[in-house]
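A.B. asks: This is the structure I have questions about; it appears just below.
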Amino acid sequence: MAYPYAHPREVRVLSKYFGDKDAIGIDGWIERGGYTALKGVFEKSPDEVIEVVKESGLRGRGGAGFPAGLKWSFMPKDGDRPNYLACNADESEPGTFKDREIMRWTPHQLIEGIIICSYAIRASHAYIYIRGEFVDVVRVLNGAVVEAYERGYLGENIQGSGFNLDLTVHLGAGAYIAGEETGLLNSLEGRRAEPRIKPPFPAQQGAFGMPTTVNNVETLAAVPHIMENGADWYRQWGTEKSPGTKLFSCCGHLQRPGNYEVPLDFSLKELVFDLCGGPPEGRQLKALIPGGSSVPIMTLDEIDCDCTYEGIEAAGSFLGSGGLIAMDDSTCIVHAVRKMVEFYAHESCGQCTNCREGTSWLAKILRRIERGDGREEDLPLLLDVGSNMVGKTICPLSDSAAVPVVSSIQKFEDEYLAHIRDGSCTAAR
Amino acid sequence: MSDGMHPAIVSGQPSQSDENNPDAPLFEGEYKDRFDKILSRYPDKRAALLPVLSMAQELRGWLSPETIGRVAELLDLTSAYARSVASFYTMYQLHPVGKYLIQVCTGIGCDLCGAEGVVEGLLEATKTRIGETSEDGKYTIVEVECLGGCGFPAMVQVNDKIYENVQAKDVEGLLKELD
Ligand SMILES: Cc1cc2nc3c(=O)[nH]c(=O)nc-3n(C[C@H](O)[C@H](O)[C@H](O)COP(=O)(O)O)c2cc1C
Ligand code: SF4
Ligand code: FES
């Protein structure tokens, strides 16, 4: 089963039941082996659970790749203040649509991960912060949460373990920046989703001033499998630094767009050309963004690498969220970059001058280049503005906006110059 | 807890339903029940602001200054504070919109795959401009950025429904389905 496409070369751990309607409800999920990891988890101490997750090498799938077990180990263990878990289901990085599929096909997979994480970090209340636009997904998730309560997987004394956990589905209301973990916490508290200055980190002072772990949906969904099968089992895939499998959301100019799950050491090129079928008939692939719109654009000759964090970084970009955007030779790079930058300009929360002003200037300059009104000095100007946006702000949204601009000017300067000098676009449209 | 919705899932949803009433009371009946349950899920009242604003919009279709003020009052917040929060989030409609709010994703994934044509088709068919409500009060068309389904372009959201793989040729059928 798969949705909408499957490929025999995939390794389906998280996505095994995507497309299988009968896996959505709790009975179907239990028939398929769901909730079996819990028993073993409750026989371990919370610290032993953290140890297994640490050994597995699971890294955060929300974009930054921080080791999950290590993050959990920062949570205080004495318990005189409540600890919280916030599951980041805000998924709004353009090009990324994997968490949505996890939640709409296998909501109980996520809930089981949340129970295990909460047990390990000694949280008694977990929140799923889900973006408000996910209307249909919310309906599925809500149904699953109620089922889990009814069947004693949530609430008091879960499965006779003595562990209590409440889970609340909290809807966002449209703000990309609420996906940044401290923006998320502010939003959860009923504030504008403005990122906070770190430190303090969420594990010290998170939601409502209390210690909080923030993890992405895909990160948490991997946890039941690791607890059930062990760290070594998980490490059969990938590399020392990037173990396991990962979902890649593939969109843009592809024959078979969709989510594909592969071991992290899978070839990026084969993911694009074999699994996704490459660009549409008669077209050439021109550029690839491997990890959501905030990572550097790659050219065709750069994508001969594996999909690991370190492999993609060595090739000049980042794995990020695993949102892969393919552009064929009909794409105007200036237009595509302008679209991405306008997104960040719109979503900047406005706290930092460099980000607030920088994003709108980048967008403005790109618009005039695209129209054919650009000037020769605009390219150095874009690079200058961009360089003042990196590493200078409260959160990395500012960097995200500069990255596509800078990398595309480095790699597709000709196309910018054609717009500026001839007022025309060289894309094969 | 035995009646009504489970407190874990009572949060309002920030998109309007097809049937909404700008004068609906804040809050009575099942909505009052949900309001109380929302409060029970957070250590303070402020945290209920988004779930409750969303519920108000679900009910009334948009958030007028009066609506926001009433929500603020219910949560012991000032209305200036509640307005500053409401205006931060794009799904809150601070002006009335048509019966069907049609949001077309023009983010990079959908843009590469024909979203522009969908927007043009919708504007033409409804004789409106972006953000304007059609004369009959039925449609408001807006562009949004990435609805989180980039592999199914173009993604379109109409009130609380999602449509995947919408292309210019599907516009006519989509509008017909709404009627
Ligand atoms: C601007 C911005 C937007 C982000 N959006 C998301 C998001 O939508 N979902 C997500 O899981 N992480 C997002 N992140 C990453 C989070 O800040 C955080 O690192 C992540 O949720 C931690 O979970 P993980 O360790 O399991 O990946 C974003 C970060 C930034 C800077
Ligand atoms: S970098 Fe941009 S989005 Fe991030 S806190 Fe500063 S202004 Fe807000
Ligand atoms: S770009 Fe349209 S859904 Fe992501």
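Every chain in the structure tokens takes a letter, A first, then B, and so on in the order presented; its residues are numbered from 1, and the ligands are numbered from 1 following the presented order.
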Would you list the residues that come within 9 Å of ligand 1? Count only C-alpha atoms and all ligand atoms and give the answer as a count of residues only.

C.D. replies: 51

A.B. asks: Could you find all residues in stretch 230-390 of chain A that DSSP calls strand (DSSP E) from the backbone, and write them as a list of chain:residue names?

C.D. replies: A:Thr245, A:Lys246, A:Leu247, A:Phe248, A:Ser249, A:Cys250, A:Cys251, A:Gly252, A:Gly258, A:Asn259, A:Tyr260, A:Glu261, A:Val262, A:Pro263, A:Leu285, A:Lys286, A:Ala287, A:Leu288, A:Ile289, A:Met298, A:Thr299, A:Gly323, A:Leu324, A:Ile325, A:Ala326, A:Met327, A:Asp328

A.B. asks: When you count only C-alpha atoms and all ligand atoms, which of these residues is closest to ligand 3: A:Lys339, A:His7, A:Lys21, A:Arg122?

C.D. replies: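 Between A:Lys339, A:His7, A:Lys21, A:Arg122, the residue approaching ligand 3 most closely is A:Lys339.
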
A.B. asks: Output as a compact mmCIF listing (two decimals) with all heavy atoms, in the first residue's frame the set of chain B residues within 8 Å of chain A, with distances taken over only C-alpha atoms.

C.D. replies:
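The file below, selection-v4.txt, is the result:
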# COMPACT_ATOMS: atom_id res chain seq x y z
N HIS B 6 -14.76 15.29 23.60
CA HIS B 6 -13.70 15.03 24.57
C HIS B 6 -12.84 16.29 24.74
O HIS B 6 -12.51 16.95 23.77
CB HIS B 6 -12.82 13.87 24.06
CG HIS B 6 -11.92 13.35 25.12
ND1 HIS B 6 -10.77 14.02 25.50
CD2 HIS B 6 -11.98 12.25 25.90
CE1 HIS B 6 -10.18 13.34 26.47
NE2 HIS B 6 -10.89 12.26 26.73
N PRO B 7 -12.48 16.63 25.98
CA PRO B 7 -11.72 17.85 26.21
C PRO B 7 -10.37 17.91 25.48
O PRO B 7 -9.83 18.99 25.28
CB PRO B 7 -11.51 17.88 27.73
CG PRO B 7 -12.05 16.61 28.26
CD PRO B 7 -12.88 15.97 27.24
N ALA B 8 -9.84 16.77 25.07
CA ALA B 8 -8.55 16.77 24.36
C ALA B 8 -8.64 17.40 22.98
O ALA B 8 -7.64 17.82 22.41
CB ALA B 8 -8.02 15.33 24.24
N ILE B 9 -9.85 17.47 22.43
CA ILE B 9 -9.98 17.86 21.02
C ILE B 9 -10.96 19.00 20.79
O ILE B 9 -11.47 19.16 19.70
CB ILE B 9 -10.40 16.64 20.16
CG1 ILE B 9 -11.77 16.10 20.62
CG2 ILE B 9 -9.36 15.53 20.22
CD1 ILE B 9 -12.49 15.30 19.57
N SER B 11 -10.49 22.26 20.79
CA SER B 11 -10.00 23.51 20.20
C SER B 11 -10.85 23.93 19.01
O SER B 11 -11.23 23.09 18.20
CB SER B 11 -8.56 23.32 19.74
OG SER B 11 -8.17 24.41 18.93
N GLY B 12 -11.13 25.22 18.90
CA GLY B 12 -11.81 25.71 17.72
C GLY B 12 -10.90 25.52 16.53
O GLY B 12 -9.70 25.37 16.67
N GLN B 13 -11.49 25.48 15.34
CA GLN B 13 -10.64 25.42 14.15
C GLN B 13 -10.79 26.73 13.40
O GLN B 13 -11.90 27.22 13.20
CB GLN B 13 -10.99 24.20 13.31
CG GLN B 13 -12.45 24.09 13.00
CD GLN B 13 -12.65 23.91 11.52
OE1 GLN B 13 -11.80 24.29 10.74
NE2 GLN B 13 -13.77 23.35 11.15
N PRO B 14 -9.64 27.30 12.99
CA PRO B 14 -9.67 28.68 12.50
C PRO B 14 -10.23 28.87 11.10
O PRO B 14 -10.11 29.96 10.57
CB PRO B 14 -8.19 29.09 12.56
CG PRO B 14 -7.44 27.81 12.47
CD PRO B 14 -8.29 26.76 13.08
N SER B 15 -10.83 27.85 10.51
CA SER B 15 -11.46 28.12 9.22
C SER B 15 -12.97 28.14 9.43
O SER B 15 -13.50 27.46 10.30
CB SER B 15 -11.08 27.07 8.18
OG SER B 15 -10.85 25.83 8.78
N ARG B 41 -7.63 22.57 29.90
CA ARG B 41 -6.45 21.89 29.34
C ARG B 41 -5.16 22.68 29.49
O ARG B 41 -4.10 22.23 29.05
CB ARG B 41 -6.65 21.59 27.85
CG ARG B 41 -7.86 20.77 27.53
CD ARG B 41 -7.90 19.47 28.24
NE ARG B 41 -7.10 18.42 27.62
CZ ARG B 41 -7.16 17.14 27.96
NH1 ARG B 41 -7.99 16.76 28.93
NH2 ARG B 41 -6.40 16.25 27.37
N PRO B 43 -2.60 25.51 31.92
CA PRO B 43 -2.38 26.03 33.27
C PRO B 43 -2.82 27.48 33.44
O PRO B 43 -2.95 27.95 34.57
CB PRO B 43 -0.87 25.89 33.48
CG PRO B 43 -0.28 25.73 32.13
CD PRO B 43 -1.35 25.17 31.24
N ARG B 46 -4.67 32.56 29.38
CA ARG B 46 -4.12 33.15 28.16
C ARG B 46 -3.95 32.10 27.05
O ARG B 46 -4.19 32.35 25.88
CB ARG B 46 -2.77 33.82 28.46
CG ARG B 46 -2.16 34.53 27.26
CD ARG B 46 -0.68 34.79 27.49
NE ARG B 46 -0.44 35.52 28.72
CZ ARG B 46 -0.40 36.84 28.80
NH1 ARG B 46 -0.56 37.57 27.73
NH2 ARG B 46 -0.19 37.42 29.96
N ALA B 47 -3.53 30.90 27.47
CA ALA B 47 -3.25 29.84 26.50
C ALA B 47 -4.49 29.43 25.72
O ALA B 47 -4.39 28.84 24.64
CB ALA B 47 -2.64 28.63 27.20
N ALA B 48 -5.64 29.76 26.26
CA ALA B 48 -6.89 29.41 25.56
C ALA B 48 -7.20 30.38 24.44
O ALA B 48 -8.16 30.17 23.68
CB ALA B 48 -8.04 29.36 26.56
N LEU B 49 -6.39 31.43 24.29
CA LEU B 49 -6.75 32.48 23.35
C LEU B 49 -6.92 31.98 21.91
O LEU B 49 -7.93 32.26 21.26
CB LEU B 49 -5.73 33.63 23.41
CG LEU B 49 -6.02 34.84 22.53
CD1 LEU B 49 -7.41 35.41 22.79
CD2 LEU B 49 -4.96 35.93 22.75
N LEU B 50 -5.92 31.23 21.40
CA LEU B 50 -6.06 30.76 20.02
C LEU B 50 -7.23 29.78 19.86
O LEU B 50 -8.05 29.96 18.97
CB LEU B 50 -4.75 30.16 19.50
CG LEU B 50 -3.88 31.12 18.67
CD1 LEU B 50 -3.38 32.27 19.51
CD2 LEU B 50 -2.73 30.40 18.01
N PRO B 51 -7.29 28.75 20.70
CA PRO B 51 -8.43 27.83 20.55
C PRO B 51 -9.79 28.53 20.63
O PRO B 51 -10.72 28.16 19.90
CB PRO B 51 -8.26 26.86 21.72
CG PRO B 51 -6.82 26.91 22.08
CD PRO B 51 -6.34 28.29 21.73
N SER B 54 -10.39 30.85 17.56
CA SER B 54 -10.72 29.97 16.43
C SER B 54 -12.17 29.51 16.51
O SER B 54 -12.87 29.44 15.50
CB SER B 54 -9.79 28.76 16.40
OG SER B 54 -8.46 29.18 16.22
N SER B 84 -3.78 42.20 19.07
CA SER B 84 -2.40 42.10 18.60
C SER B 84 -2.07 40.64 18.29
O SER B 84 -1.32 40.34 17.37
CB SER B 84 -1.42 42.70 19.61
OG SER B 84 -1.02 41.74 20.57
N VAL B 85 -2.63 39.72 19.04
CA VAL B 85 -2.40 38.30 18.77
C VAL B 85 -3.17 37.88 17.51
O VAL B 85 -2.62 37.26 16.60
CB VAL B 85 -2.78 37.43 19.98
CG1 VAL B 85 -2.70 35.94 19.62
CG2 VAL B 85 -1.87 37.74 21.17
N PHE B 88 -1.72 38.62 14.19
CA PHE B 88 -0.46 37.96 13.84
C PHE B 88 -0.69 36.75 12.93
O PHE B 88 0.16 36.37 12.15
CB PHE B 88 0.24 37.49 15.12
CG PHE B 88 1.64 36.99 14.92
CD1 PHE B 88 2.72 37.86 14.97
CD2 PHE B 88 1.89 35.64 14.69
CE1 PHE B 88 4.02 37.41 14.79
CE2 PHE B 88 3.20 35.17 14.51
CZ PHE B 88 4.26 36.06 14.55
N TYR B 89 -1.88 36.15 13.05
CA TYR B 89 -2.14 34.86 12.40
C TYR B 89 -3.01 35.04 11.16
O TYR B 89 -4.08 35.65 11.24
CB TYR B 89 -2.81 33.91 13.40
CG TYR B 89 -1.91 33.60 14.58
CD1 TYR B 89 -1.94 34.36 15.76
CD2 TYR B 89 -0.99 32.56 14.50
CE1 TYR B 89 -1.10 34.08 16.83
CE2 TYR B 89 -0.13 32.27 15.57
CZ TYR B 89 -0.19 33.03 16.72
OH TYR B 89 0.66 32.76 17.77
N THR B 90 -2.53 34.46 10.06
CA THR B 90 -3.20 34.75 8.78
C THR B 90 -4.57 34.11 8.63
O THR B 90 -5.36 34.53 7.80
CB THR B 90 -2.34 34.27 7.60
OG1 THR B 90 -2.01 32.89 7.82
CG2 THR B 90 -1.08 35.08 7.47
N MET B 91 -4.86 33.08 9.41
CA MET B 91 -6.16 32.44 9.23
C MET B 91 -7.29 33.22 9.89
O MET B 91 -8.46 32.92 9.66
CB MET B 91 -6.15 31.00 9.75
CG MET B 91 -5.25 30.10 8.91
SD MET B 91 -5.36 28.38 9.42
CE MET B 91 -6.91 27.91 8.65
N TYR B 92 -6.94 34.16 10.73
CA TYR B 92 -8.00 34.97 11.32
C TYR B 92 -8.45 36.03 10.34
O TYR B 92 -7.66 36.83 9.86
CB TYR B 92 -7.53 35.61 12.63
CG TYR B 92 -7.37 34.57 13.72
CD1 TYR B 92 -6.28 34.57 14.57
CD2 TYR B 92 -8.33 33.57 13.88
CE1 TYR B 92 -6.14 33.60 15.55
CE2 TYR B 92 -8.19 32.59 14.84
CZ TYR B 92 -7.10 32.61 15.68
OH TYR B 92 -6.96 31.65 16.64
N GLY B 107 2.52 28.63 -3.17
CA GLY B 107 3.88 28.37 -2.70
C GLY B 107 4.69 27.70 -3.79
O GLY B 107 4.16 27.30 -4.83
N ILE B 108 5.98 27.56 -3.55
CA ILE B 108 6.89 27.12 -4.62
C ILE B 108 6.47 25.78 -5.25
O ILE B 108 6.48 25.64 -6.47
CB ILE B 108 8.36 27.09 -4.14
CG1 ILE B 108 9.32 26.71 -5.26
CG2 ILE B 108 8.57 26.18 -2.94
CD1 ILE B 108 9.43 27.72 -6.36
N GLY B 109 6.05 24.83 -4.43
CA GLY B 109 5.69 23.51 -4.97
C GLY B 109 4.50 23.60 -5.91
O GLY B 109 4.49 23.02 -7.00
N CYS B 110 3.49 24.34 -5.51
CA CYS B 110 2.29 24.49 -6.34
C CYS B 110 2.54 25.45 -7.48
O CYS B 110 2.01 25.28 -8.58
CB CYS B 110 1.11 24.93 -5.48
SG CYS B 110 0.67 23.71 -4.22
N LEU B 112 5.24 25.79 -9.17
CA LEU B 112 5.93 25.07 -10.25
C LEU B 112 4.94 24.24 -11.07
O LEU B 112 5.22 23.86 -12.19
CB LEU B 112 7.02 24.14 -9.68
CG LEU B 112 8.25 24.81 -9.06
CD1 LEU B 112 9.11 23.77 -8.33
CD2 LEU B 112 9.08 25.52 -10.13
N CYS B 113 3.79 23.93 -10.49
CA CYS B 113 2.86 23.01 -11.13
C CYS B 113 1.49 23.62 -11.40
O CYS B 113 0.46 23.01 -11.14
CB CYS B 113 2.73 21.74 -10.29
SG CYS B 113 4.30 20.92 -9.98
N GLU B 145 0.37 30.55 1.07
CA GLU B 145 1.70 29.99 0.84
C GLU B 145 1.85 28.65 1.52
O GLU B 145 1.84 28.57 2.74
CB GLU B 145 2.76 30.94 1.43
CG GLU B 145 2.94 32.20 0.64
CD GLU B 145 3.90 32.02 -0.52
OE1 GLU B 145 4.35 30.88 -0.76
OE2 GLU B 145 4.20 33.04 -1.17
N CYS B 146 1.98 27.63 0.77
CA CYS B 146 2.23 26.27 1.24
C CYS B 146 1.22 25.78 2.26
O CYS B 146 1.23 26.13 3.43
CB CYS B 146 3.63 26.07 1.80
SG CYS B 146 4.00 24.30 1.92
N LEU B 147 0.34 24.91 1.78
CA LEU B 147 -0.65 24.28 2.65
C LEU B 147 -0.17 22.92 3.15
O LEU B 147 -0.94 22.15 3.72
CB LEU B 147 -1.98 24.14 1.90
CG LEU B 147 -2.75 25.44 1.67
CD1 LEU B 147 -3.92 25.22 0.73
CD2 LEU B 147 -3.25 26.02 2.99
N GLY B 148 1.09 22.62 2.93
CA GLY B 148 1.64 21.38 3.46
C GLY B 148 1.24 20.14 2.67
O GLY B 148 1.19 19.04 3.21
N GLY B 149 0.98 20.31 1.38
CA GLY B 149 0.65 19.15 0.54
C GLY B 149 1.28 19.34 -0.84
O GLY B 149 0.64 19.04 -1.85
N CYS B 150 2.52 19.80 -0.87
CA CYS B 150 3.19 20.25 -2.10
C CYS B 150 3.29 19.17 -3.18
O CYS B 150 3.50 19.50 -4.34
CB CYS B 150 4.58 20.77 -1.79
SG CYS B 150 4.75 21.44 -0.12
N GLY B 151 3.15 17.90 -2.80
CA GLY B 151 3.22 16.83 -3.80
C GLY B 151 1.89 16.63 -4.52
O GLY B 151 1.79 15.79 -5.41
N PHE B 152 0.89 17.37 -4.10
CA PHE B 152 -0.45 17.24 -4.69
C PHE B 152 -0.92 18.60 -5.21
O PHE B 152 -1.93 19.14 -4.78
CB PHE B 152 -1.44 16.70 -3.65
CG PHE B 152 -0.90 15.54 -2.85
CD1 PHE B 152 -0.42 15.74 -1.57
CD2 PHE B 152 -0.86 14.27 -3.40
CE1 PHE B 152 0.09 14.68 -0.83
CE2 PHE B 152 -0.35 13.21 -2.67
CZ PHE B 152 0.13 13.41 -1.39
N ASP B 160 -13.53 24.71 5.37
CA ASP B 160 -12.80 23.68 6.11
C ASP B 160 -12.59 22.41 5.28
O ASP B 160 -12.51 21.32 5.82
CB ASP B 160 -13.50 23.38 7.43
CG ASP B 160 -14.96 22.98 7.25
OD1 ASP B 160 -15.42 22.91 6.09
OD2 ASP B 160 -15.64 22.73 8.26
N LYS B 161 -12.50 22.56 3.96
CA LYS B 161 -12.23 21.39 3.10
C LYS B 161 -10.96 21.59 2.28
O LYS B 161 -10.67 22.70 1.82
CB LYS B 161 -13.40 21.15 2.16
CG LYS B 161 -14.50 20.32 2.76
CD LYS B 161 -15.46 19.90 1.66
CE LYS B 161 -16.89 19.91 2.15
NZ LYS B 161 -17.47 21.24 2.39
N ILE B 162 -10.24 20.49 2.06
CA ILE B 162 -9.01 20.55 1.28
C ILE B 162 -9.23 19.84 -0.06
O ILE B 162 -9.85 18.77 -0.11
CB ILE B 162 -7.87 19.82 2.03
CG1 ILE B 162 -7.54 20.53 3.34
CG2 ILE B 162 -6.64 19.68 1.15
CD1 ILE B 162 -6.70 21.77 3.22

A.B. asks: Just how far from atom CA of A:Leu288 is atom CA of A:Glu415, in Å to one decimal?

C.D. replies: 16.0 Å

A.B. asks: Closest to ligand 2 among A:Cys307, A:Ile197, A:Leu381, A:Ile226, using only C-alpha atoms and all ligand atoms?

C.D. replies: A:Ile197

A.B. asks: Kindly indicate which residue among A:Ala428, A:Cys355, A:Leu154, A:Ala221 lies nearest to ligand 2, using only C-alpha atoms and all ligand atoms for the distances.

C.D. replies: A:Cys355
